[in-house]
Amino acid sequence: MVVLIEIPFYIFSGLAILFAGVILFTKNLLYGAFSLVGTFLCVAAIYVLAQAEFVAVTQLMVYVGGIVVLLIFGVMLTNKITDKGIITSSYNRFLGAIIAISLFVVLFYGILKINFGAVKGQSADMNNVNQIGVELLTEYLLPFEIAAVVLLIALIGSSVISGYKTKETDE
Amino acid sequence: MENEQISAFGEVLIFLIGGCVFVLGGLFSSKLIHPHRPNAQKLESYESGEQPIGSGWSRFNIRFYVVALLFLLFEVEIVFVFPWATVFGNADYIEATDGLWGWFSIIEMFVFIFILALGLAYAWVKGYLEWPKANVTPSDFKSPVPQGLYDNINKKYQSTKS
């Protein structure tokens, strides 16, 4: 039974790494943005296989649905696109490699050190998402409503910063 | 035992994978069997029968970005609404609290959505959602053909149905 879960887990991990490699090595920025979608989808699948449904749904909605749309808009809004798409090349390869390897070493060391057996698994009878819903409306009701205010502030702030107005409509 | 391995959302995942496989399988099998004989005319961008000018890549209007940002904020809101939707109609909770749970949770959610709707109203009132309208000035060209002739032609070739 364990093997049944592990096979798709490794498949999706490999696919995520593959798409991430495409982001790194493609010359066209738009292709990079699209393979970012693939990476996010694979990570969402890994979350589902790890039984973290709420994180998976958040990943799907916010990252696949939202952030990538913003990124693609950012690419499409630039001036230079009209000719052949934006062509990039990579800079600071050496520094980037050092940072990536040191981050990998830190994470790998941490994973080896952590005793995962001590972390309690969730009970099988209660759904992850249901649990969060009940907690939101009982224990964490005030933070939940404050989150709405924070989102409101973010909404107003982002629309003020990015809002484009012509001179005529300005008061 | 099986339920502990594949959770409820695992079924959704299987549907997602199935959708991807159908799309990619169609594209791949078409790539496998279609003849590959491109020429300059076939590779041209389709421009409704016109000769295309420039490339298919073009710039978007900057105003789309505000709409995308608003969309993103409301999507974050959906992340909160989603776990609420799975429990607010729960019959056990409603029975245990004598119907209070349902009213309480729905009012709380309306407060939540109302606060975010204020932001949308703000953006609307401030005119960030406005699109510049093209000024169509009627030309002062006087046609030598009287309007009555056009009307006659329209009447003559009018379809019987309309």
# chains A, B, ... in the order shown; residues from 1 in each chain; ligands from 1

call {"tool": "residues_around", "arguments": {"residues": "range 117-128 of chain B", "least_positions_apart": "5", "cutoff": "6 Å", "atoms": "only C-alpha atoms", "output": "list in words"}}
result
Leu152, Ile156 and Gly163 of chain A

call {"tool": "write_last_selection", "arguments": {"atoms": "all heavy atoms", "output": "compact mmCIF listing (two decimals), in the first residue's frame"}}
result
# COMPACT_ATOMS: atom_id res chain seq x y z
N LEU A 152 -8.79 43.58 2.43
CA LEU A 152 -9.36 44.84 1.93
C LEU A 152 -8.26 45.88 1.75
O LEU A 152 -8.20 46.58 0.72
CB LEU A 152 -10.41 45.34 2.91
CG LEU A 152 -10.98 46.73 2.66
CD1 LEU A 152 -11.82 46.73 1.42
CD2 LEU A 152 -11.79 47.19 3.84
N ILE A 156 -7.18 47.65 -1.76
CA ILE A 156 -7.18 49.09 -2.02
C ILE A 156 -5.77 49.56 -2.37
O ILE A 156 -5.56 50.30 -3.33
CB ILE A 156 -7.73 49.84 -0.79
CG1 ILE A 156 -9.22 49.55 -0.63
CG2 ILE A 156 -7.49 51.33 -0.92
CD1 ILE A 156 -9.82 50.14 0.60
N GLY A 163 -3.18 51.36 -10.30
CA GLY A 163 -4.28 51.95 -11.05
C GLY A 163 -3.78 52.97 -12.06
O GLY A 163 -2.98 53.84 -11.74

call {"tool": "residues_around", "arguments": {"residues": "Cys42 in chain A", "least_positions_apart": "5", "cutoff": "7 Å", "atoms": "only C-alpha atoms", "output": "PyMOL selection string"}}
result
chain A and resi 12-13+15-16

call {"tool": "interface_residues", "arguments": {"of": "chain B", "to": "chain A", "cutoff": "6 Å", "atoms": "only C-alpha atoms", "output": "ChimeraX atom specification"}}
result
/B:57-60,66,72,83-84,86-87,112,116,119,128

call {"tool": "write_last_selection", "arguments": {"atoms": "all heavy atoms", "output": "compact mmCIF listing (two decimals), in the first residue's frame"}}
result
# COMPACT_ATOMS: atom_id res chain seq x y z
N TRP B 57 2.82 38.21 -31.27
CA TRP B 57 2.99 38.75 -29.91
C TRP B 57 2.56 40.19 -29.90
O TRP B 57 3.01 40.98 -30.72
CB TRP B 57 4.46 38.70 -29.50
CG TRP B 57 5.07 37.35 -29.56
CD1 TRP B 57 5.74 36.82 -30.59
CD2 TRP B 57 5.09 36.38 -28.53
NE1 TRP B 57 6.17 35.57 -30.27
CE2 TRP B 57 5.78 35.27 -29.02
CE3 TRP B 57 4.58 36.34 -27.23
CZ2 TRP B 57 6.00 34.14 -28.26
CZ3 TRP B 57 4.78 35.21 -26.48
CH2 TRP B 57 5.47 34.12 -27.00
N SER B 58 1.71 40.55 -28.97
CA SER B 58 1.37 41.96 -28.89
C SER B 58 1.19 42.34 -27.43
O SER B 58 1.00 41.50 -26.57
CB SER B 58 0.08 42.25 -29.66
OG SER B 58 -1.00 41.62 -29.03
N ARG B 59 1.24 43.64 -27.19
CA ARG B 59 1.13 44.13 -25.82
C ARG B 59 -0.31 44.15 -25.36
O ARG B 59 -1.21 44.47 -26.14
CB ARG B 59 1.69 45.54 -25.73
CG ARG B 59 3.10 45.61 -25.29
CD ARG B 59 3.50 47.05 -25.15
NE ARG B 59 3.04 47.58 -23.89
CZ ARG B 59 3.08 48.89 -23.61
NH1 ARG B 59 3.53 49.73 -24.47
NH2 ARG B 59 2.67 49.32 -22.43
N PHE B 60 -0.51 43.87 -24.07
CA PHE B 60 -1.82 44.05 -23.47
C PHE B 60 -1.96 45.47 -22.97
O PHE B 60 -0.98 46.15 -22.71
CB PHE B 60 -1.99 43.11 -22.28
CG PHE B 60 -2.54 41.78 -22.63
CD1 PHE B 60 -1.84 40.64 -22.37
CD2 PHE B 60 -3.79 41.69 -23.21
CE1 PHE B 60 -2.35 39.41 -22.70
CE2 PHE B 60 -4.31 40.46 -23.54
CZ PHE B 60 -3.58 39.32 -23.28
N VAL B 66 -4.90 45.79 -13.25
CA VAL B 66 -5.71 46.09 -12.07
C VAL B 66 -6.80 45.04 -11.91
O VAL B 66 -7.06 44.56 -10.80
CB VAL B 66 -6.33 47.49 -12.21
CG1 VAL B 66 -7.06 47.86 -10.93
CG2 VAL B 66 -5.27 48.50 -12.52
N LEU B 72 -7.18 38.36 -8.08
CA LEU B 72 -6.31 37.60 -7.19
C LEU B 72 -6.77 37.74 -5.74
O LEU B 72 -6.85 36.76 -5.00
CB LEU B 72 -4.87 38.09 -7.34
CG LEU B 72 -3.84 37.32 -6.55
CD1 LEU B 72 -3.75 35.92 -7.08
CD2 LEU B 72 -2.50 37.98 -6.64
N PRO B 83 -13.24 26.19 2.97
CA PRO B 83 -13.45 25.33 4.14
C PRO B 83 -14.75 25.65 4.86
O PRO B 83 -15.38 24.75 5.42
CB PRO B 83 -12.24 25.62 5.03
CG PRO B 83 -11.69 26.87 4.56
CD PRO B 83 -12.02 27.01 3.14
N TRP B 84 -15.17 26.92 4.80
CA TRP B 84 -16.45 27.28 5.42
C TRP B 84 -17.60 26.55 4.73
O TRP B 84 -18.51 26.05 5.39
CB TRP B 84 -16.63 28.80 5.30
CG TRP B 84 -18.02 29.28 5.58
CD1 TRP B 84 -18.57 29.52 6.80
CD2 TRP B 84 -19.04 29.56 4.63
NE1 TRP B 84 -19.86 29.94 6.67
CE2 TRP B 84 -20.17 29.97 5.34
CE3 TRP B 84 -19.10 29.51 3.23
CZ2 TRP B 84 -21.35 30.33 4.71
CZ3 TRP B 84 -20.27 29.87 2.61
CH2 TRP B 84 -21.38 30.28 3.35
N THR B 86 -17.71 23.72 3.42
CA THR B 86 -17.82 22.29 3.71
C THR B 86 -18.49 22.04 5.06
O THR B 86 -18.91 20.92 5.31
CB THR B 86 -16.44 21.62 3.72
OG1 THR B 86 -15.64 22.25 4.71
CG2 THR B 86 -15.75 21.73 2.37
N VAL B 87 -18.57 23.06 5.93
CA VAL B 87 -19.11 22.79 7.27
C VAL B 87 -20.35 23.59 7.61
O VAL B 87 -21.06 23.24 8.56
CB VAL B 87 -18.05 23.07 8.37
CG1 VAL B 87 -16.96 22.04 8.31
CG2 VAL B 87 -17.51 24.45 8.27
N PHE B 112 -17.72 38.87 6.20
CA PHE B 112 -16.41 38.69 5.56
C PHE B 112 -16.44 39.17 4.11
O PHE B 112 -15.58 39.93 3.66
CB PHE B 112 -16.05 37.20 5.63
CG PHE B 112 -14.70 36.86 5.08
CD1 PHE B 112 -13.56 37.08 5.83
CD2 PHE B 112 -14.56 36.29 3.83
CE1 PHE B 112 -12.32 36.76 5.34
CE2 PHE B 112 -13.32 35.96 3.33
CZ PHE B 112 -12.21 36.20 4.10
N LEU B 116 -14.78 42.72 1.95
CA LEU B 116 -14.00 42.70 0.70
C LEU B 116 -14.74 43.42 -0.42
O LEU B 116 -14.11 44.05 -1.27
CB LEU B 116 -13.72 41.26 0.29
CG LEU B 116 -12.39 40.77 0.83
CD1 LEU B 116 -12.28 39.29 0.67
CD2 LEU B 116 -11.26 41.45 0.07
N GLY B 119 -13.87 46.94 -0.86
CA GLY B 119 -12.69 47.23 -1.68
C GLY B 119 -13.04 47.32 -3.15
O GLY B 119 -12.55 48.20 -3.87
N TYR B 128 -11.00 52.94 -11.32
CA TYR B 128 -9.93 52.07 -11.83
C TYR B 128 -10.47 51.04 -12.81
O TYR B 128 -9.72 50.45 -13.57
CB TYR B 128 -9.24 51.35 -10.67
CG TYR B 128 -8.49 52.29 -9.78
CD1 TYR B 128 -8.74 52.33 -8.42
CD2 TYR B 128 -7.54 53.15 -10.31
CE1 TYR B 128 -8.06 53.20 -7.60
CE2 TYR B 128 -6.86 54.03 -9.50
CZ TYR B 128 -7.13 54.05 -8.15
OH TYR B 128 -6.46 54.92 -7.35

call {"tool": "select_by_dssp", "arguments": {"residues": "chain A", "states": "alpha helix (DSSP H)", "output": "PyMOL selection string"}}
result
chain A and resi 2-25+29-49+53-58+68-77+93-113+128-137+141-162

call {"tool": "atom_distance", "arguments": {"atom1": "CA of Thr137 in chain B", "atom2": "CA of Lys155 in chain B"}}
result
28.5 Å

call {"tool": "atom_distance", "arguments": {"atom1": "CA of Phe104 in chain A", "atom2": "CA of Leu13 in chain B"}}
result
28.8 Å

call {"tool": "atom_distance", "arguments": {"atom1": "CA of Glu50 in chain B", "atom2": "CA of Ala134 in chain B"}}
result
23.7 Å

call {"tool": "closest_residue", "arguments": {"among": "A:Gly38, A:Gly32, A:Gly96, A:Pro8", "to": "Ile72 in chain A", "atoms": "only C-alpha atoms"}}
result
A:Gly32
